[in-house]
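Report on the structure given below.
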6 protein chains.
Amino acid sequence: MEMFNKYCFIGCEDTFNESEIVLFGAPFDGTCTFRPGSRFGPYKMRIDSYGLETYSPYFNRDLLDYKIHDAGDLDLAFGNPLAVMESIRKFTNEIVFKNKKPLMIGGEHLVTLPVVEALYEKYNNLVLLHFDAHTDLRDEFMGESLSHSTVIKKIWNFLGDNRIYQFGIRSGLKEEFLWADKGHTFINKFSYDKLSDIVKKIKDKPVYVTIDLDILDPSVFPGTGTPEPGGILFSDMIEILKTIDLLNMVGADIVELAPDYDPTGVSTAVASKTLRELMLVMCESKI
Amino acid sequence: MEMFNKYCFIGCEDTFNESEIVLFGAPFDGTCTFRPGSRFGPYKMRIDSYGLETYSPYFNRDLLDYKIHDAGDLDLAFGNPLAVMESIRKFTNEIVFKNKKPLMIGGEHLVTLPVVEALYEKYNNLVLLHFDAHTDLRDEFMGESLSHSTVIKKIWNFLGDNRIYQFGIRSGLKEEFLWADKGHTFINKFSYDKLSDIVKKIKDKPVYVTIDLDILDPSVFPGTGTPEPGGILFSDMIEILKTIDLLNMVGADIVELAPDYDPTGVSTAVASKTLRELMLVMCESKI
Amino acid sequence: MEMFNKYCFIGCEDTFNESEIVLFGAPFDGTCTFRPGSRFGPYKMRIDSYGLETYSPYFNRDLLDYKIHDAGDLDLAFGNPLAVMESIRKFTNEIVFKNKKPLMIGGEHLVTLPVVEALYEKYNNLVLLHFDAHTDLRDEFMGESLSHSTVIKKIWNFLGDNRIYQFGIRSGLKEEFLWADKGHTFINKFSYDKLSDIVKKIKDKPVYVTIDLDILDPSVFPGTGTPEPGGILFSDMIEILKTIDLLNMVGADIVELAPDYDPTGVSTAVASKTLRELMLVMCESKI
Amino acid sequence: MEMFNKYCFIGCEDTFNESEIVLFGAPFDGTCTFRPGSRFGPYKMRIDSYGLETYSPYFNRDLLDYKIHDAGDLDLAFGNPLAVMESIRKFTNEIVFKNKKPLMIGGEHLVTLPVVEALYEKYNNLVLLHFDAHTDLRDEFMGESLSHSTVIKKIWNFLGDNRIYQFGIRSGLKEEFLWADKGHTFINKFSYDKLSDIVKKIKDKPVYVTIDLDILDPSVFPGTGTPEPGGILFSDMIEILKTIDLLNMVGADIVELAPDYDPTGVSTAVASKTLRELMLVMCESKI
Amino acid sequence: MEMFNKYCFIGCEDTFNESEIVLFGAPFDGTCTFRPGSRFGPYKMRIDSYGLETYSPYFNRDLLDYKIHDAGDLDLAFGNPLAVMESIRKFTNEIVFKNKKPLMIGGEHLVTLPVVEALYEKYNNLVLLHFDAHTDLRDEFMGESLSHSTVIKKIWNFLGDNRIYQFGIRSGLKEEFLWADKGHTFINKFSYDKLSDIVKKIKDKPVYVTIDLDILDPSVFPGTGTPEPGGILFSDMIEILKTIDLLNMVGADIVELAPDYDPTGVSTAVASKTLRELMLVMCESKI
Amino acid sequence: MEMFNKYCFIGCEDTFNESEIVLFGAPFDGTCTFRPGSRFGPYKMRIDSYGLETYSPYFNRDLLDYKIHDAGDLDLAFGNPLAVMESIRKFTNEIVFKNKKPLMIGGEHLVTLPVVEALYEKYNNLVLLHFDAHTDLRDEFMGESLSHSTVIKKIWNFLGDNRIYQFGIRSGLKEEFLWADKGHTFINKFSYDKLSDIVKKIKDKPVYVTIDLDILDPSVFPGTGTPEPGGILFSDMIEILKTIDLLNMVGADIVELAPDYDPTGVSTAVASKTLRELMLVMCESKI
């Protein structure tokens with residue numbers, strides 16, 4: 001009798017040990033400043049992944065040809081960002097220790113911080129590719145330094161200058177843009193037209209890719225906490241993924257789907273398909 | 001590292017072998033006459049069961065004190081009711097063969113037919129308790145004899161007279177009511193006030209319980225294919241379950257949740273809580 | 001080849017000439033003070049009536065045994081209440097002139113005014129039974145005398161004292177309640193427990209019944225412009241209709257369904273079923 | 001008194017006999033693999049067509065200048081795809097027999113099969129233009145050969161090679177793409193940039209056009225069963241229709257609107273406007 | 001020219017200094033365990049209060065006859081429950097210091113803690129009336145002691161035994177019920193039938209009333225984080241408020257409306273009307 | 001203690017007297033022909049403006065660097081368009097009299113008429129830039145001359161030929177297009193590619209800008225009364241605003257957001273961001 005358990009992303013049914021990539025969810029949205037609900041991102045992406053195929057005509061690759069383990073979700077305490085950071089870091093350390101690559105589904109953007117921290121221990125020349133509508137370069141938000149609007153600044157604190165490349169950015173405080181312009185991070189405003197140049201520059205370095213899905217226009221991706229009109233289309237997302245194909249991607253994440261804000265389910269379809277393509281890129285990554 | 005996999009109903013994490021009750025989903029809605037979508041009932045009930053506790057103050061029982069296995073969902077072909085009937089019957093046979101009790105989540109009401117057929121092979125004095133807004137006693141619907149509006153009639157075909165008790169019924173063709181009145185089935189119109197009398201009468205017989213959740217008033221349970229105003233409240237449902245507690249329940253199901261029609265999620269909460277209580281009743285069943 | 005045109009209320013397919021009752025829609029919501037959208041009430045009730053049966057187990061009557069014509073909707077100009085009143089009055093006059101009974105689907109409550117005016121020309125001893133959450137006894141709303149919150153006062157202007165009976169009322173200005181208490185109208189606050197007494201009193205008079213569906217509790221009927229918690233249940237509505245059965249009902253309406261505010265569709269189911277029962281009462285009315 | 005019956009697509013009020021084009025609905029969704037509900041497409045498109053005008057500035061044509069009959073919907077049995085196929089085929093035969101052109105509103109994509117079969121009897125050199133996100137070239141889905149994911153393969157079974165042209169395709173099994181590549185069908189992946197070349201090639205042949213609306217990007221058209229990110233925009237749809245203008249179109253359909261999945265109503269607006277433009281192209285078709 | 005600023009609850013336009021009651025919002029939902037979004041409760045209740053009247057026919061009182069100041073919302077940091085507690089406590093202290101009574105709109109239930117703490121400084125014989133579906137008596141939730149599921153236990157820590165009365169409770173861990181039964185708090189399971197007895201007992205003490213709106217049945221109030229079927233009706237809520245009328249109420253709150261989970265807006269209407277009645281009770285409170 | 005009143009658009013907290021621009025809402029939708037609800041546009045744009053920043057990276061300008069007063073909403077009577085016109089005209093006169101510029105949030109498009117009338121008294125060489133999907137050039141709609149589909153024609157009645165420039169138009173009666181083509185207004189069909197030429201031509205004249213947000217494609221902006229597929233993208237809107245930057249803009253409005261039709265909230269985000277950019281253009285306007 002064939003039974004069916006949908007709580008595994010389509011095509012990711014391999015065991016932890018045999019897999020090169022470990023997919024896991026970090027359903028935390030405790031510092032979200034506007035509309036919460038990204039905690040429901042991971043389960044909904046898994047369920048709706050069955051509306052997709054495992055084969056990608058964009059890359060002519062099939063998930064079934066690779067080894068990927070879906071580890072489920074971390075069990076995280078809302079209301080205590082510090083404890084959440086610790087849980088994610090520990091789990092990422094385990095993955096990295098076993099020479100596998102972490103691929104995380106958020107949750108809000110703050111969950112990126114501990115994954116990058118864990119990878120930085122191994123790769124001290126790590127480079128961050130950051131796709132987002134927002135700068136996320138604040139020092140604090142209403143007195144709190146751990147926030148989804150400070151996460152890239154927190155990462156800069158240890159990565160330092162010339163390591164962070166930001167694309168699609170179209171919202172932030174004037175101060176954040178001015179600070180970035182002093183050479184701390186590279187901001188490609190509104191667009192990603194400088195991406196292929198950057199890719200050439202970093203092609204020998206270990207790369208972490210963080211995709212805040214609100215880089216997409218809200219028409220394409222309405223189900224998110226802080227929708228910001230003027231974003232890129234899904235075809236642009238595919239172009240981005242083709243451009244970063246064959247880099248040394250050592251880890252990645254995809255964050256900020258808040259599925260309950262989109263009753264059409266389209267945001268989840270977009271997130272799931274982006275994740276499928278990102279996986280297929282990661283599977284062929286050089287490192 | 002504690003990981004969390006929500007695709008199992010809360011408190012039902014025991015293995016098949018150690019369990020007395022086997023929970024499974026039958027996500028089929030192919031003959032639904034008005035609004036389809038009950039195929040999404042099983043997964044949503046599992047996910048949202050984590051908004052509940054395992055402990056019931058109504059029965060002072062806790063799911064953690066019993067052995068229940070959640071087998072996941074059957075993989076069913078839409079568009080072929082006959083093949084679907086066959087799949088469900090086969091899986092139920094397996095459960096019954098191993099002396100366990102089937103507890104099914106629909107799907108539309110037609111899925112009840114093969115489970116009752118399978119149990120009837122073992123218990124030829126089987127009695128059916130049917131909770132529903134609709135008679136479901138048609139001979140055919142638009143020429144089709146396999147339909148969620150014919151299911152009880154199809155069961156009567158082998159169970160025969162004096163075996164089927166229907167409660168909460170408030171919609172049907174005039175002919176259906178007239179046919180039932182000839183002594184074929186017992187209909188408790190609008191209500192369940194005759195239930196305790198019936199319970200006394202059947203207390204030594206093996207009983208199957210089928211709950212079409214649209215017996216509930218649409219204010220309580222809007223997320224269903226054919227909402228029928230004038231139903232019972234959730235407190236009535238609890239009273240029903242208390243009344244049938246300690247019967248010889250050999251199997252049961254709960255059908256017709258179509259979660260996408262209720263964006264508030266309340267219908268799923270009602271379905272999940274009803275399932276929890278039904279399980280706790282079944283766990284203490286005499287047989 | 002059997003074709004199917006759903007834009008006729010279920011069981012109302014008789015011609016104008018052969019029918020005793022003429023059903024029509026008045027899709028106007030131009031003076032709605034809070035949430036507009038009752039213009040979409042008539043079409044949605046027709047479409048969703050096919051989720052019901054023609055047979056009522058409450059009254060043991062079947063729509064198919066009576067002659068009812070569904071005339072479709074009046075074509076009304078938004079933004080000009082005066083012109084709208086005129087259109088409805090003219091059409092009602094035609095119906096009354098041919099010795100048929102008008103049964104109108106709103107639209108907002110203001111549409112009741114011209115129908116009662118037209119019937120009053122024929123029945124100058126007309127009595128009004130008014131079921132509603134709101135008093136609707138204002139003299140004006142923001143300077144406008146034609147409003148869904150003034151409609152009963154406007155009707156009182158020609159019907160006068162001792163002709164208007166209001167049930168289920170639970171919202172209004174203090175002044176409105178005080179004015180009614182002076183003997184102008186009878187208000188049964190919160191409830192309808194005085195209805196059977198009133199029915200005895202008016203049993204020989206021609207009666208018009210207007211049902212503002214917001215008399216129902218918002219849990220039962222959320223899809224309306226001004227939801228007012230604390231209302232009656234659907235079973236109460238059935239009890240009301242049984243109580244007024246066999247009165248001399250010369251016309252009736254059912255108003256204030258705003259279906260787009262209820263994505264579950266349950267409000268429309270409630271409205272359609274109430275209309276079915278109201279029709280079956282009207283069909284057996286003595287006059 | 002002007003009454004208004006909205007259950008006819010705007011501008012299609014001509015009689016069957018006087019019309020060249022016969023519009024009808026096939027509200028069937030029984031084999032839908034993910035989210036059902038396309039059965040509600042036809043009625044919703046009719047209702048919401050009144051939010052449009054009859055005049056198209058794209059083609060400078062007006063529906064009022066042509067003869068089109070809206071025949072309503074076929075009455076179809078869910079749960080029996082074979083019987084449904086038969087009903088649609090019979091009705092299409094009637095239309096074709098009277099030298100009129102069928103224009104069908106789905107329903108799911110499987111309903112295309114019987115219409116093409118009926119037309120193929122008359123035009124054995126028929127060519128199929130297929131606009132879709134999905135290949136629909138499977139042999140079976142979970143053991144069933146009649147499915148919305150096998151429909152084009154079923155049509156190929158009688159049309160054969162070099163007759164089927166597929167545009168906008170961006171999802172399928174690897175095997176389907178490989179099979180097509182062997183010369184069985186022409187697939188224009190992701191796009192329709194080869195359409196004008198194809199049009200030249202087939203300009204003397206009778207053409208059937210089937211538009212699965214999920215060819216559109218889900219941002220434009222979220223209300224569908226299997227939303228597939230990365231599709232075309234509405235302006236592309238207009239360009240497609242301009243490109244196929246003046247072909248010998250002998251029939252057409254537009255399928256897979258599931259309106260309840262889009263509470264904004266925009267999907268229905270898109271479907272209705274596409275249908276208006278498609279009609280205006282068909283009205284000027286050479287045959 | 002009359003302008004209109006809706007960001008003030010209807011009838012609460014008095015100044016801080018002239019008012020006896022100070023209404024304020026605490027839009028925090030950072031520890032919510034299931035569905036977040038109660039942060040949007042306060043603004044939505046204000047906006048939708050204009051769908052109500054200022055006059056209550058239940059109490060025959062009018063908001064316009066009392067002095068109430070709507071202070072707006074506190075500006076709270078998500079992600080730091082400790083800082084949030086501090087902000088609320090400070091603002092409540094200010095209100096209490098000026099001999100006014102705090103009336104707070106949540107937010108999640110944790111926000112009750114600092115208000116009760118502030119009042120306890122003034123009234124060390126304070127009694128708590130707690131209306132809720134949930135016990136809220138956990139010691140911690142996933143390691144966190146500040147949580148909406150621990151709030152009553154945290155209050156017990158300083159109030160001690162015989163001071164806390166809980167009504168409507170129908171969900172919790174078995175341990176929580178057992179702990180309460182040891183005499184720490186009084187739990188009226190499922191109902192409030194012991195309320196009038198309790199009221200007699202505490203009629204000379206200063207009383208704080210906290211209403212978690214999920215005490216209401218989800219049919220009445222679906223827009224909340226953890227809907228728990230089996231609750232009380234709106235008419236019960238009115239009865240509760242009538243029962244506690246004329247107690248020495250020194251403060252109160254109403255929490256856990258998450259309006260985005262109820263697209264019908266009915267939950268907000270229920271919350272706003274409950275708040276109106278609660279205010280009218282508080283205005284006539286003896287102290 | 002920092003309190004927060006959200007009923008003011010972000011960054012518009014200056015007093016009437018110190019401001020150059022006066023923002024106000026005109027929440028009227030009484031003549032809407034399809035889906036009403038634009039009355040809820042102004043409050044929702046204010047609330048959700050806090051999901052944005054005050055700084056625009058498009059113009060490198062910040063709202064905090066300008067003086068703008070948010071005057072709240074006019075209190076308007078539904079059901080009486082004439083009275084509404086009068087209220088808006090009077091308030092605009094006040095603003096203009098004090099040498100400030102009106103910036104209005106609708107409501108439906110009819111509200112533009114009185115603002116332009118008021119400005120025309122001061123600037124008799126006024127030019128109108130009209131961005132919209134619809135011509136709005138009808139003489140009447142169902143007998144009514146005051147309608148959101150006649151508003152531009154009503155303005156032409158006093159402005160006359162060569163003063164009105166319409167962009168993005170893609171829907172209307174054939175007659176309207178023909179009438180415009182006679183030189184009465186300039187219509188840039190489907191697009192705004194002629195805008196920069198027009199801007200050069202009118203650069204010395206006083207200009208009023210009216211933006212009917214349905215010029216945007218419904219994928220970008222679904223929350224509107226008459227969604228019309230085929231519109232412009234948000235990036236086009238930014239380009240439009242850049243093109244009209246530095247004109248002599250003496251007033252402007254933004255109309256036809258009906259937020260309840262878009263449960264994702266994205267339409268409101270688009271409207272709010274468009275308003276922010278429009279303000280920043282207006283603030284630097286030459287007059």
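For the structure tokens, the naming scheme is as follows: chains receive sequential letters (A, B, ...) according to their order of presentation, residues are indexed from 1 within each chain, and ligands are indexed from 1 in presentation order.
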Output as a tab-separated table one row per residue of chain C within 12 Å of chain D: the closest atom pair and its distance in Å to one decimal place, counting only C-alpha atoms, sorted by chain and residue number ascending.
residue	atom	partner	partner_atom	distance
C:Met1	CA	D:Phe91	CA	6.5
C:Glu2	CA	D:Asp75	CA	6.4
C:Met3	CA	D:Leu74	CA	4.9
C:Phe4	CA	D:Asp73	CA	5.1
C:Asn5	CA	D:Gly72	CA	5.6
C:Lys6	CA	D:Tyr7	CA	7.3
C:Tyr7	CA	D:Tyr7	CA	5.3
C:Cys8	CA	D:Tyr7	CA	8.8
C:Phe9	CA	D:Tyr7	CA	11.9
C:Phe24	CA	D:Met3	CA	9.1
C:Gly25	CA	D:Phe4	CA	9.4
C:Ala26	CA	D:Met3	CA	10.2
C:Pro27	CA	D:Phe4	CA	10.6
C:Phe40	CA	D:Ile47	CA	10.2
C:Pro42	CA	D:Lys6	CA	10.7
C:Tyr43	CA	D:Lys6	CA	8.0
C:Lys44	CA	D:Ile47	CA	9.7
C:Arg46	CA	D:Tyr7	CA	10.3
C:Ile47	CA	D:Tyr43	CA	8.3
C:Asp48	CA	D:Phe40	CA	11.0
C:Asp70	CA	D:Asn5	CA	10.3
C:Ala71	CA	D:Met3	CA	7.4
C:Gly72	CA	D:Asn5	CA	5.6
C:Asp73	CA	D:Phe4	CA	5.2
C:Leu74	CA	D:Met3	CA	4.9
C:Asp75	CA	D:Phe4	CA	5.9
C:Leu76	CA	D:Glu2	CA	9.4
C:Glu86	CA	D:Met1	CA	11.1
C:Ser87	CA	D:Met1	CA	7.9
C:Ile88	CA	D:Met1	CA	9.5
C:Arg89	CA	D:Met1	CA	10.8
C:Lys90	CA	D:Met1	CA	7.9
C:Phe91	CA	D:Met1	CA	6.6
C:Thr92	CA	D:Met1	CA	10.3
C:Asn93	CA	D:Met1	CA	10.9
C:Glu94	CA	D:Met1	CA	9.1
C:Ile95	CA	D:Met1	CA	11.3
C:Pro259	CA	D:Pro263	CA	11.7
C:Asp260	CA	D:Pro263	CA	8.6
C:Tyr261	CA	D:Pro263	CA	10.2
C:Asp262	CA	D:Pro263	CA	10.3
C:Pro263	CA	D:Pro263	CA	7.4
C:Thr264	CA	D:Asp260	CA	9.7
C:Gly265	CA	D:Asp260	CA	10.2
Check your understanding: Can you list, as a PyMOL selection string, every residue of range 61-114 of chain D that DSSP puts in helix (DSSP H, G or I)?
Key -> chain D and resi 63-65+81-97+109-114
**Study point:** Interatomic distance (Å, one decimal) between CA of Ser38 in chain A and CA of Ile211 in chain A
**Key:**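 Going from CA of Ser38 in chain A over to CA of Ile211 in chain A, I get 13.9 Å.
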Practice item. Assign secondary structure with DSSP using the backbone only, and return the residues of range 128-222 of chain C in strand (DSSP E or B) as an MDAnalysis selection string. Key: chainID C and resid 128:131 134 141 144 164:169 171 186:189 206:212 216
Tell me which protein, DNA and RNA residues are within 9 Å of range 104-116 of chain F, counting only C-alpha atoms, leaving out same-chain ones fewer than 3 positions away, and put them as a short mmCIF file (atom, residue, chain, number, x, y, z; two decimals) with C-alpha atoms, in the first residue's frame.
data_model
loop_
_atom_site.label_atom_id
_atom_site.label_comp_id
_atom_site.auth_asym_id
_atom_site.auth_seq_id
_atom_site.Cartn_x
_atom_site.Cartn_y
_atom_site.Cartn_z
CA VAL F 22 -2.39 69.75 2.90
CA LEU F 23 -3.22 66.07 2.63
CA PHE F 24 -6.83 65.03 3.18
CA GLY F 25 -9.12 62.10 2.53
CA ALA F 26 -12.41 62.08 0.62
CA PRO F 27 -13.86 58.68 1.52
CA PHE F 28 -16.76 58.64 -0.94
CA ASP F 29 -17.71 55.78 -3.28
CA GLY F 30 -21.40 56.43 -3.88
CA THR F 31 -21.42 56.29 -7.70
CA CYS F 32 -19.08 53.33 -8.13
CA PRO F 36 -17.67 49.71 -4.04
CA GLY F 37 -15.29 50.17 -1.10
CA SER F 38 -12.91 53.00 -2.03
CA ARG F 39 -14.30 54.81 1.02
CA PHE F 40 -11.85 52.71 3.04
CA GLY F 41 -8.83 53.86 1.01
CA PRO F 42 -7.68 56.83 3.12
CA MET F 45 -3.17 54.03 3.43
CA ASP F 73 -10.82 62.84 6.35
CA PRO F 81 -23.15 63.15 -4.66
CA VAL F 84 -20.35 65.58 -1.35
CA MET F 85 -19.10 67.71 -4.24
CA GLU F 86 -19.95 70.81 -2.24
CA SER F 87 -18.09 69.65 0.88
CA ILE F 88 -14.93 68.84 -1.01
CA ARG F 89 -15.03 72.10 -2.97
CA LYS F 90 -15.40 74.15 0.19
CA PHE F 91 -12.50 72.46 1.93
CA THR F 92 -10.28 72.81 -1.13
CA ASN F 93 -11.17 76.48 -1.34
CA LEU F 119 -8.28 75.25 -8.38
CA TYR F 120 -9.68 76.47 -11.69
CA GLU F 121 -11.05 79.53 -9.91
CA LEU F 126 -5.00 74.99 -15.50
CA LEU F 128 -5.02 68.32 -16.25
CA ASP F 136 -14.16 58.59 -17.88
CA LEU F 146 -22.34 62.76 -11.66
CA SER F 147 -20.45 59.48 -11.81
CA HIS F 148 -16.93 58.15 -11.63
CA SER F 149 -17.28 57.33 -15.33
CA THR F 150 -18.18 60.90 -16.33
CA VAL F 151 -15.74 62.88 -14.21
CA ILE F 152 -13.26 63.88 -16.91
CA LYS F 154 -17.49 67.13 -16.46
CA ILE F 155 -14.07 68.71 -16.03
CA TYR F 208 -3.21 69.29 -11.69
CA THR F 210 -5.03 62.97 -10.98
CA ILE F 211 -3.94 59.36 -10.59
CA ASP F 212 -6.61 56.70 -10.80
CA GLY F 225 -13.47 48.71 -8.07
CA GLY F 251 -2.67 70.13 -6.70
CA ALA F 252 -3.05 66.37 -7.06
CA ASP F 253 -5.01 63.35 -6.04
CA ILE F 254 -4.77 59.59 -5.93
CA VAL F 255 -8.03 57.65 -6.14
CA GLU F 256 -9.83 54.28 -6.38
CA LEU F 257 -8.05 52.12 -3.81
CA ALA F 258 -10.69 49.72 -2.45
CA LEU F 275 1.52 58.75 -2.55
#
Exercise for review: Fewer than 3 positions away in the same chain doesn't count, so skip those; otherwise give me all residues within 12 Å of Asp197 in chain E, counting only C-alpha atoms, as a list in words.
Suggested key: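 Neighbouring residues, sequence-local ones excluded: Tyr165, Asn188, Tyr192, Asp193, Lys194, Lys200, Lys201, Ile202, Lys203, Thr243 and Ile244 of chain E.
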Mind dumping the selected residues with N, CA and C atoms as a PDB file, in the first residue's frame?
ATOM      1  N   TYR E 165      -9.488  34.034  39.933  1.00  0.00           N
ATOM      2  CA  TYR E 165     -10.689  33.288  39.560  1.00  0.00           C
ATOM      3  C   TYR E 165     -10.726  33.180  38.038  1.00  0.00           C
ATOM      4  N   ASN E 188     -13.309  27.689  36.875  1.00  0.00           N
ATOM      5  CA  ASN E 188     -14.684  27.334  36.487  1.00  0.00           C
ATOM      6  C   ASN E 188     -14.588  26.762  35.071  1.00  0.00           C
ATOM      7  N   TYR E 192     -19.136  29.798  33.204  1.00  0.00           N
ATOM      8  CA  TYR E 192     -18.981  30.878  34.179  1.00  0.00           C
ATOM      9  C   TYR E 192     -20.141  30.810  35.176  1.00  0.00           C
ATOM     10  N   ASP E 193     -20.640  29.615  35.400  1.00  0.00           N
ATOM     11  CA  ASP E 193     -21.830  29.471  36.255  1.00  0.00           C
ATOM     12  C   ASP E 193     -21.565  29.746  37.735  1.00  0.00           C
ATOM     13  N   LYS E 194     -20.295  29.775  38.115  1.00  0.00           N
ATOM     14  CA  LYS E 194     -19.962  30.110  39.508  1.00  0.00           C
ATOM     15  C   LYS E 194     -19.667  31.599  39.668  1.00  0.00           C
ATOM     16  N   LYS E 200     -20.216  37.866  44.749  1.00  0.00           N
ATOM     17  CA  LYS E 200     -20.662  38.213  46.108  1.00  0.00           C
ATOM     18  C   LYS E 200     -19.474  38.215  47.077  1.00  0.00           C
ATOM     19  N   LYS E 201     -18.623  37.215  46.913  1.00  0.00           N
ATOM     20  CA  LYS E 201     -17.484  37.037  47.805  1.00  0.00           C
ATOM     21  C   LYS E 201     -16.468  38.184  47.717  1.00  0.00           C
ATOM     22  N   ILE E 202     -16.294  38.735  46.543  1.00  0.00           N
ATOM     23  CA  ILE E 202     -15.214  39.713  46.336  1.00  0.00           C
ATOM     24  C   ILE E 202     -15.747  41.130  46.213  1.00  0.00           C
ATOM     25  N   LYS E 203     -16.998  41.329  46.546  1.00  0.00           N
ATOM     26  CA  LYS E 203     -17.619  42.611  46.207  1.00  0.00           C
ATOM     27  C   LYS E 203     -17.010  43.818  46.929  1.00  0.00           C
ATOM     28  N   THR E 243     -23.106  40.642  35.304  1.00  0.00           N
ATOM     29  CA  THR E 243     -22.846  40.045  36.617  1.00  0.00           C
ATOM     30  C   THR E 243     -21.759  40.798  37.374  1.00  0.00           C
ATOM     31  N   ILE E 244     -20.771  41.304  36.664  1.00  0.00           N
ATOM     32  CA  ILE E 244     -19.670  41.999  37.350  1.00  0.00           C
ATOM     33  C   ILE E 244     -19.903  43.499  37.442  1.00  0.00           C
TER      34      ILE E 244
END
Check your understanding: So how many Å separate CA of Trp179 in chain E and CA of Leu159 in chain E, to one decimal?
Key ->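 Rounded to one decimal, the two atoms are 15.8 Å apart.
We find CA of Val270 in chain D and CA of Glu18 in chain D to be spaced 28.3 Å apart.
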